[in-house]
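The file model_24.cif comes next; it holds mmCIF, C-alpha atoms.
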```
data_input
#
loop_
_atom_site.group_PDB
_atom_site.id
_atom_site.type_symbol
_atom_site.label_atom_id
_atom_site.label_comp_id
_atom_site.auth_asym_id
_atom_site.auth_seq_id
_atom_site.Cartn_x
_atom_site.Cartn_y
_atom_site.Cartn_z
ATOM 1 C CA ALA A 1 21.785 11.976 -0.977
ATOM 2 C CA CYS A 2 20.778 12.322 -4.621
ATOM 3 C CA TRP A 3 23.952 10.884 -6.199
ATOM 4 C CA SER A 4 24.143 8.066 -3.687
ATOM 5 C CA ALA A 5 20.469 7.203 -4.266
ATOM 6 C CA GLN A 6 21.046 7.165 -8.028
ATOM 7 C CA ALA A 7 24.148 4.995 -7.638
ATOM 8 C CA ALA A 8 22.377 2.593 -5.269
ATOM 9 C CA LEU A 9 19.323 2.317 -7.560
ATOM 10 C CA TYR A 10 21.665 1.458 -10.426
ATOM 11 C CA HIS A 11 23.616 -1.057 -8.320
ATOM 12 C CA ASP A 12 20.546 -2.710 -6.787
ATOM 13 C CA PHE A 13 18.101 -2.579 -9.718
ATOM 14 C CA GLY A 14 20.029 -1.556 -12.843
ATOM 15 C CA ILE A 15 18.103 1.733 -13.024
ATOM 16 C CA GLN A 16 19.956 4.103 -15.327
ATOM 17 C CA LYS A 17 20.256 7.845 -14.841
ATOM 18 C CA ARG A 18 20.066 10.626 -17.415
ATOM 19 C CA GLY A 19 21.174 14.221 -17.505
ATOM 20 C CA LEU A 20 18.624 17.007 -17.248
ATOM 21 C CA ASN A 21 18.471 19.970 -19.641
ATOM 22 C CA GLN A 22 18.495 22.284 -16.655
ATOM 23 C CA LYS A 23 19.233 21.752 -12.988
ATOM 24 C CA LEU A 24 16.323 20.533 -10.861
ATOM 25 C CA PHE A 25 16.631 23.152 -8.178
ATOM 26 C CA GLY A 26 14.293 24.199 -5.383
ATOM 27 C CA ILE A 27 11.790 22.888 -2.871
ATOM 28 C CA PHE A 28 9.406 20.246 -4.161
ATOM 29 C CA ARG A 29 6.288 18.804 -2.577
ATOM 30 C CA ALA A 30 5.157 15.188 -2.747
ATOM 31 C CA ASN A 31 1.775 14.879 -4.390
ATOM 32 C CA THR A 32 1.598 11.091 -4.192
ATOM 33 C CA ILE A 33 2.213 9.354 -0.874
ATOM 34 C CA GLU A 34 2.134 5.624 -0.091
ATOM 35 C CA SER A 35 0.105 5.933 3.103
ATOM 36 C CA LYS A 36 0.514 2.304 4.240
ATOM 37 C CA SER A 37 4.252 2.631 4.824
ATOM 38 C CA PRO A 38 5.486 3.417 8.339
ATOM 39 C CA LEU A 39 8.190 5.529 6.684
ATOM 40 C CA THR A 40 5.569 7.995 5.387
ATOM 41 C CA ALA A 41 3.614 8.412 8.640
ATOM 42 C CA GLY A 42 2.907 12.106 9.227
ATOM 43 C CA LEU A 43 4.270 13.164 5.828
ATOM 44 C CA GLU A 44 1.035 14.393 4.247
ATOM 45 C CA ASN A 45 2.725 17.727 3.482
ATOM 46 C CA PHE A 46 6.185 16.402 2.561
ATOM 47 C CA LYS A 47 8.574 18.952 1.036
ATOM 48 C CA THR A 48 12.241 18.483 0.259
ATOM 49 C CA PRO A 49 15.073 20.404 -1.403
ATOM 50 C CA GLN A 50 16.364 19.148 -4.741
ATOM 51 C CA SER A 51 19.606 20.234 -6.387
ATOM 52 C CA ARG A 52 20.711 17.955 -9.176
ATOM 53 C CA HIS A 53 21.631 17.787 -12.845
ATOM 54 C CA SER A 54 20.445 14.213 -13.403
ATOM 55 C CA GLU A 55 17.628 11.846 -12.545
ATOM 56 C CA SER A 56 17.075 8.126 -12.325
ATOM 57 C CA VAL A 57 15.047 6.767 -15.234
ATOM 58 C CA ILE A 58 12.102 5.309 -13.336
ATOM 59 C CA ASP A 59 8.823 4.209 -14.876
ATOM 60 C CA GLU A 60 6.551 4.105 -11.836
ATOM 61 C CA ALA A 61 4.046 1.925 -13.705
ATOM 62 C CA HIS A 62 6.728 -0.732 -14.335
ATOM 63 C CA LEU A 63 8.979 -0.756 -11.283
ATOM 64 C CA PRO A 64 11.439 -3.546 -10.591
ATOM 65 C CA GLU A 65 9.788 -6.345 -8.630
ATOM 66 C CA ASN A 66 11.287 -5.515 -5.219
ATOM 67 C CA LEU A 67 10.983 -1.697 -5.365
ATOM 68 C CA GLN A 68 8.229 0.705 -4.368
ATOM 69 C CA VAL A 69 7.897 4.479 -4.555
ATOM 70 C CA LEU A 70 6.767 5.933 -1.234
ATOM 71 C CA LEU A 71 6.769 9.660 -2.044
ATOM 72 C CA THR A 72 6.727 11.225 -5.490
ATOM 73 C CA SER A 73 6.418 14.689 -6.980
ATOM 74 C CA SER A 74 4.944 15.454 -10.392
ATOM 75 C CA GLU A 75 7.781 17.953 -10.891
ATOM 76 C CA ALA A 76 10.738 16.179 -9.281
ATOM 77 C CA GLY A 77 9.829 12.507 -9.737
ATOM 78 C CA PRO A 78 10.275 9.863 -7.043
ATOM 79 C CA LEU A 79 11.465 11.426 -3.780
ATOM 80 C CA VAL A 80 11.662 8.375 -1.500
ATOM 81 C CA LEU A 81 11.784 4.757 -2.635
ATOM 82 C CA GLN A 82 12.169 1.562 -0.652
ATOM 83 C CA SER A 83 12.819 -2.092 -1.337
ATOM 84 C CA LEU A 84 9.813 -4.235 -0.479
ATOM 85 C CA ASP A 85 11.812 -6.066 2.183
ATOM 86 C CA LYS A 86 12.435 -2.604 3.745
ATOM 87 C CA LYS A 87 16.189 -3.195 3.885
ATOM 88 C CA GLN A 88 17.055 -0.390 1.445
ATOM 89 C CA THR A 89 15.703 3.170 1.349
ATOM 90 C CA TYR A 90 16.565 5.654 -1.414
ATOM 91 C CA VAL A 91 16.123 9.396 -0.807
ATOM 92 C CA THR A 92 16.589 11.415 -4.003
ATOM 93 C CA GLY A 93 16.580 14.880 -2.445
ATOM 94 C CA HIS A 94 18.375 16.772 0.257
ATOM 95 C CA SER A 95 16.241 16.726 3.385
ATOM 96 C CA GLU A 96 19.449 17.414 5.309
ATOM 97 C CA TYR A 97 19.884 20.884 3.762
ATOM 98 C CA GLN A 98 20.057 23.871 6.082
ATOM 99 C CA THR A 99 17.891 26.943 5.459
ATOM 100 C CA GLN A 100 20.587 28.854 3.506
ATOM 101 C CA THR A 101 22.044 25.983 1.460
ATOM 102 C CA LEU A 102 20.079 26.526 -1.763
ATOM 103 C CA ASP A 103 20.736 30.266 -1.561
ATOM 104 C CA GLN A 104 24.473 29.625 -1.205
ATOM 105 C CA GLU A 105 24.433 27.243 -4.181
ATOM 106 C CA TYR A 106 22.490 29.762 -6.269
ATOM 107 C CA ARG A 107 24.862 32.644 -5.471
ATOM 108 C CA ARG A 108 27.894 30.392 -6.036
ATOM 109 C CA ASP A 109 26.617 29.425 -9.488
ATOM 110 C CA LEU A 110 25.794 33.050 -10.366
ATOM 111 C CA ALA A 111 29.333 34.082 -9.362
ATOM 112 C CA LYS A 112 30.694 31.408 -11.737
ATOM 113 C CA HIS A 113 28.447 32.843 -14.492
ATOM 114 C CA THR A 114 26.628 29.533 -14.725
ATOM 115 C CA ILE A 115 23.240 29.737 -16.391
ATOM 116 C CA ILE A 116 20.849 28.868 -13.582
ATOM 117 C CA HIS A 117 17.313 29.700 -12.572
ATOM 118 C CA GLU A 118 16.336 30.667 -9.035
ATOM 119 C CA PRO A 119 15.470 27.738 -6.793
ATOM 120 C CA LYS A 120 11.758 27.018 -7.215
ATOM 121 C CA ASN A 121 9.415 27.479 -4.223
ATOM 122 C CA TYR A 122 12.294 28.746 -2.086
ATOM 123 C CA TYR A 123 12.540 32.523 -1.932
ATOM 124 C CA PRO A 124 9.781 34.581 -0.295
ATOM 125 C CA ASP A 125 7.585 36.171 -2.976
ATOM 126 C CA GLY A 126 9.165 33.779 -5.499
ATOM 127 C CA TYR A 127 12.299 35.738 -6.354
ATOM 128 C CA TYR A 128 15.765 36.431 -4.984
ATOM 129 C CA ASP A 129 15.957 39.484 -2.722
ATOM 130 C CA GLN A 130 19.098 39.669 -0.631
ATOM 131 C CA GLY A 131 17.291 41.439 2.211
ATOM 132 C CA GLU A 132 14.501 38.901 2.742
ATOM 133 C CA GLU A 133 14.715 36.090 5.251
ATOM 134 C CA ILE A 134 14.240 32.595 3.856
ATOM 135 C CA GLU A 135 11.819 30.285 5.660
ATOM 136 C CA ASN A 136 12.764 26.624 6.063
ATOM 137 C CA THR A 137 9.536 25.076 4.754
ATOM 138 C CA TRP A 138 10.945 21.522 4.701
ATOM 139 C CA GLN A 139 12.286 21.236 8.269
ATOM 140 C CA GLN A 140 9.180 19.557 9.670
ATOM 141 C CA SER A 141 9.076 17.066 6.777
ATOM 142 C CA SER A 142 12.775 16.304 7.156
ATOM 143 C CA SER A 143 12.535 15.748 10.896
ATOM 144 C CA GLN A 144 9.503 13.471 10.494
ATOM 145 C CA LEU A 145 11.165 11.433 7.729
ATOM 146 C CA TYR A 146 14.291 10.873 9.834
ATOM 147 C CA GLN A 147 12.210 10.076 12.930
ATOM 148 C CA ASN A 148 10.204 7.499 10.963
ATOM 149 C CA TRP A 149 13.429 5.993 9.651
ATOM 150 C CA LEU A 150 14.873 5.737 13.167
ATOM 151 C CA ASN A 151 11.632 4.137 14.368
ATOM 152 C CA LEU A 152 11.962 1.475 11.654
ATOM 153 C CA ILE A 153 15.569 0.786 12.629
ATOM 154 C CA THR A 154 14.590 0.470 16.299
ATOM 155 C CA THR A 155 11.755 -1.902 15.376
ATOM 156 C CA LYS A 156 14.123 -4.053 13.298
ATOM 157 C CA GLU A 157 16.537 -4.235 16.225
ATOM 158 C CA LYS A 158 13.739 -5.653 18.361
ATOM 159 C CA ILE A 159 12.833 -8.222 15.694
ATOM 160 C CA TYR A 160 16.354 -9.571 15.139
ATOM 161 C CA ASP A 161 18.428 -11.221 17.820
ATOM 162 C CA TRP A 162 21.798 -9.740 16.950
ATOM 163 C CA LYS A 163 23.590 -12.244 19.201
ATOM 164 C CA LYS A 164 22.368 -15.098 16.959
ATOM 165 C CA THR A 165 23.155 -13.320 13.701
ATOM 166 C CA THR A 166 26.514 -14.163 12.152
ATOM 167 C CA PHE A 167 28.093 -11.364 10.160
ATOM 168 C CA TRP A 168 31.540 -12.870 9.853
ATOM 169 C CA ASN A 169 32.742 -16.352 10.485
ATOM 170 C CA PRO A 170 36.539 -16.722 10.705
#
```
Mind turning this structure into structure tokens?
Amino acid sequence: ACWSAQAALYHDFGIQKRGLNQKLFGIFRANTIESKSPLTAGLENFKTPQSRHSESVIDEAHLPENLQVLLTSSEAGPLVLQSLDKKQTYVTGHSEYQTQTLDQEYRRDLAKHTIIHEPKNYYPDGYYDQGEEIENTWQQSSSQLYQNWLNLITTKEKIYDWKKTTFWNP
């Protein structure tokens, strides 16, 4: 999700990306939510995993004309963006991650002797303890985001008459 969102933002809007000094790694909460968007309905407590070494260079005060930020985190930056015509959605995190994914990435990187910090807001009590069970604190947010997205797709299907739309004309 994160690399494809960065690539699509570059392709669609020319938004560059830059490397981070350290990996953005953990569970991050949106603290700014565009409440008028149907895509953000029910996402008042949106959390999502992030695991990336780069970020898109986005100045939220000077966005490209056809782009809006729907969910953003003061720590992780824009989390969900959408074109104003609602034809493109960009998700910068990993809402699809399973409960153990960040733990597996962390242990993999430790085994490679990579300098890495523990995933933020992920482990119970804030630190790695092999015996503790990890709680999936982003599952509800992820499910709601995908449900909202499916609702938008269903609505668009009702608006367009696909039989009258030409995709290819031989």
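Residue nearest Tyr106 of chain A, chosen from A:Ile153, A:Pro38, A:Phe25, A:Pro78 and counting all atoms listed in the file: A:Phe25.
Selection result for the displayed file, with the PyMOL selection byres ((chain A and resi 137-152) around 6) as criterion, is Leu39, Phe46, Lys47, Thr48, Ser95, Glu135, Asn136, Ile153, Thr154 and Thr155 of chain A.
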Self-check item: Neighbour list for segment 67-72 of chain A as number ranges by chain, cut-off 6 Å, only C-alpha atoms, skip fewer than 3 positions in-chain
Solution: A: 30, 32-34, 64, 77-84
Self-check item: Expected selection from the PyMOL selection byres ((chain A and resi 2-19) around 10), given as number ranges by chain
Solution: A: 1, 20-23, 50-59, 63-67, 79-83, 88-94
Practice problem: Taking the file as shown, find all residues satisfying the PyMOL selection byres ((chain A and resi 115-130) around 6) and write them as a PyMOL selection string. | Solution: chain A and resi 25-27+114+131-132
Those residues you just picked out, can you put them in a file as a JSON list (two decimals), in the frame of the given file with C-alpha atoms?
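Wrote it out as again35.json, contents follow:
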```
[["chain", "number", "residue", "atom", "x", "y", "z"],
["A", 25, "PHE", "CA", 16.63, 23.15, -8.18],
["A", 26, "GLY", "CA", 14.29, 24.20, -5.38],
["A", 27, "ILE", "CA", 11.79, 22.89, -2.87],
["A", 114, "THR", "CA", 26.63, 29.53, -14.72],
["A", 131, "GLY", "CA", 17.29, 41.44, 2.21],
["A", 132, "GLU", "CA", 14.50, 38.90, 2.74]]
```
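Take atom CA of Phe28 of chain A and atom CA of Leu43 of chain A: the distance between them is 13.3 Å.
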Practice problem: Enter the distance from atom CA of Leu24 of chain A to atom CA of Glu75 of chain A, in Å, rounded to one decimal. | Solution: 8.9 Å
Quiz item: Which residue gives the smallest distance to Ile134 of chain A among A:Asn45, A:Ser74, A:Gln98, A:Asn31, with only C-alpha atoms counted?
Solution: A:Gln98
Practice problem: Quote the spacing between atom CA of Arg108 of chain A and atom CA of Ala76 of chain A in Å to one decimal place. | Solution: 22.5 Å
